[in-house]
Amino acid sequence: MDDGRNSPDLGGKVAVVTGASRGVGRGIALALGEAGATVYVTGRSSRTGERTEDMPGTVEDTAEEVTRRGGKGIALRCDHGVAADNTALAERVESDHGRLDLLVNNAWGGYERSAEVRFDAPFWEQPLWRYELFEASLRGQYDVTRKLVRLMLPQRSGLVVGISFSDGDIYLGQVGYDVFKSAADRMCRGMAADLRKRGVAAVSLHPGFVRTERVEAAWEAMGSGPASVVHSPEYVGRAVAALLTDPDVMERSGQVLSTGDLAAEYGFTDVDGRRPPAFRLEGRMSLATRMHRLNKVVSASTDAAR
């Protein structure tokens with residue numbers, strides 16, 4: 001562990017992080033584990049079955065690393081688009097602990113199959129399956145939240161964090177993507193309103209430009225330009241940990257928050273000691289175009305390696 005991050009103590013806290021086999025979800029789970037939390041790691045990629053898009057990382061890998069870092073990692077293969085899987089997850093947490101302190105809604109299948117059709121193609125050229133991936137991702141977040149939040153209500157405390165991204169009135173460059181990312185923020189706001197009198201907070205958290213496995217694969221081709229704003233997945237996890245231990249977190253309930261802004265406010269840093277600022281879309285390149293170019297580089301790199 002590096003210095004200067006003001007590590008909180010999450011010993012005794014129980015968390016669920018969805019979509020945590022890799023990427024941002026994995027980073028959040030590891031940061032929570034470093035702080036001593038028990039973390040249920042969920043996702044579709046498992047050693048006992050398929051891995052989404054044959055990418056590295058499984059729920060078992062992440063759970064073991066959570067435990068190695070000082071927490072307790074529990075791996076559960078779970079497709080959050082399947083209602084029965086969400087029900088089984090809620091029943092497992094209730095059976096094991098009878099309570100829940102934190103739910104991080106990170107699972108998002110909307111980037112899958114990106115090589116098949118341009119991610120930033122105009123809406124009339126977009127296949128319906130892409131819209132349905134977005135829709136299923138948001139529906140999964142709604143379903144797992146309504147089932148797990150019931151474990152927070154008796155204790156009159158808890159935190160729901162939705163991982164999303166939007167940039168005010170700036171169009172993200174793809175109709176379905178823009179609609180569903182905005183809807184994710186709006187969903188957190190509505191949940192916060194319903195939960196306010198029950199002592200449970202709900203916020204939407206926006207990472208910056210995260211150096212995930214997908215970005216890592218394209219790093220050399222991207223060059224050094226993004227280096228000043230790119231941050232590790234664990235930077236997002238440190239933001240979540242800071243929020244969970246904030247005694248005044250209810251004052252933030254319903255808000256859209258930025259990882260970079262929270263780092264400056266709470267005083268934590270990324271794993272390399274830097275403190276990347278909040279990510280804002282600048283210039284004329286939309287987020288969808290950035291993702292499309294990134295996916296092209298990753299696909300080219302993967303094909304070359306075969």
# chains A, B, ... in the order shown; residues from 1 in each chain; ligands from 1
call {"tool": "select_by_dssp", "arguments": {"residues": "stretch 24-268 of chain A", "states": "helix (DSSP H, G or I)", "output": "PyMOL selection string"}}
result
chain A and resi 24-34+52-54+59-68+83-96+123-125+128-151+153-155+175-198+213-217+219-222+225-228+233-244+249-252+259-266
call {"tool": "residues_around", "arguments": {"residues": "A:Arg280", "least_positions_apart": "4", "cutoff": "12 Å", "atoms": "only C-alpha atoms", "output": "PyMOL selection string"}}
result
chain A and resi 165-170+172+206-209+229-230+258-261+276+285-287
call {"tool": "atom_distance", "arguments": {"atom1": "atom CA of A:Asp270", "atom2": "atom CA of A:Gly25"}}
result
15.6 Å
call {"tool": "select_by_dssp", "arguments": {"residues": "stretch 52-199 of chain A", "states": "strand (DSSP E)", "output": "PyMOL selection string"}}
result
chain A and resi 72-77+102-105+159-163
call {"tool": "closest_atom_pairs", "arguments": {"of": "stretch 151-195 of chain A", "to": "stretch 234-248 of chain A", "cutoff": "10 Å", "atoms": "only C-alpha atoms", "output": "tab-separated table"}}
result
residue	atom	partner	partner_atom	distance
A:Gly158	CA	A:Leu244	CA	8.0
A:Leu159	CA	A:Leu244	CA	6.7
A:Val160	CA	A:Leu244	CA	9.4
A:Val161	CA	A:Val240	CA	7.6
A:Ile163	CA	A:Val236	CA	9.2
call {"tool": "residues_around", "arguments": {"residues": "A:Ala136", "least_positions_apart": "5", "cutoff": "9 Å", "atoms": "only C-alpha atoms", "output": "VMD selection string"}}
result
chain A and resid 80 to 81 108 to 110 131 141
call {"tool": "residues_around", "arguments": {"residues": "A:Gly98", "least_positions_apart": "4", "cutoff": "7 Å", "atoms": "only C-alpha atoms", "output": "PyMOL selection string"}}
result
chain A and resi 93-94+151
call {"tool": "residues_around", "arguments": {"residues": "A:Gln174", "least_positions_apart": "3", "cutoff": "8 Å", "atoms": "only C-alpha atoms", "output": "list in words"}}
result
Phe119, Asp120, Ala121, Pro122, Phe123, Tyr171, Tyr177, Asp178 and Ala288 of chain A
call {"tool": "write_last_selection", "arguments": {"atoms": "N, CA, C and O atoms", "output": "mmCIF file, in the first residue's frame"}}
result
data_model
loop_
_atom_site.group_PDB
_atom_site.id
_atom_site.type_symbol
_atom_site.label_atom_id
_atom_site.label_comp_id
_atom_site.auth_asym_id
_atom_site.auth_seq_id
_atom_site.Cartn_x
_atom_site.Cartn_y
_atom_site.Cartn_z
ATOM 1 N N PHE A 119 -19.279 1.493 -32.866
ATOM 2 C CA PHE A 119 -19.966 1.895 -31.641
ATOM 3 C C PHE A 119 -20.633 3.255 -31.797
ATOM 4 O O PHE A 119 -21.686 3.521 -31.228
ATOM 5 N N ASP A 120 -20.019 4.144 -32.584
ATOM 6 C CA ASP A 120 -20.556 5.496 -32.729
ATOM 7 C C ASP A 120 -21.296 5.694 -34.048
ATOM 8 O O ASP A 120 -21.460 6.827 -34.508
ATOM 9 N N ALA A 121 -21.775 4.611 -34.648
ATOM 10 C CA ALA A 121 -22.590 4.739 -35.853
ATOM 11 C C ALA A 121 -23.891 5.458 -35.527
ATOM 12 O O ALA A 121 -24.370 5.405 -34.395
ATOM 13 N N PRO A 122 -24.505 6.176 -36.501
ATOM 14 C CA PRO A 122 -25.786 6.840 -36.242
ATOM 15 C C PRO A 122 -26.864 5.830 -35.876
ATOM 16 O O PRO A 122 -26.767 4.648 -36.229
ATOM 17 N N PHE A 123 -27.869 6.285 -35.168
ATOM 18 C CA PHE A 123 -28.836 5.356 -34.575
ATOM 19 C C PHE A 123 -29.543 4.490 -35.607
ATOM 20 O O PHE A 123 -29.898 3.344 -35.325
ATOM 21 N N TYR A 171 -23.603 15.571 -25.588
ATOM 22 C CA TYR A 171 -24.043 14.306 -26.168
ATOM 23 C C TYR A 171 -22.872 13.338 -26.221
ATOM 24 O O TYR A 171 -21.789 13.680 -26.679
ATOM 25 N N TYR A 177 -26.450 4.725 -26.020
ATOM 26 C CA TYR A 177 -25.462 4.872 -24.952
ATOM 27 C C TYR A 177 -25.758 6.123 -24.130
ATOM 28 O O TYR A 177 -25.757 6.084 -22.896
ATOM 29 N N ASP A 178 -26.021 7.222 -24.803
ATOM 30 C CA ASP A 178 -26.308 8.484 -24.119
ATOM 31 C C ASP A 178 -27.558 8.357 -23.249
ATOM 32 O O ASP A 178 -27.577 8.784 -22.092
ATOM 33 N N ALA A 288 -18.252 8.119 -27.280
ATOM 34 C CA ALA A 288 -18.497 6.950 -28.127
ATOM 35 C C ALA A 288 -17.393 6.789 -29.162
ATOM 36 O O ALA A 288 -16.953 5.678 -29.445
#
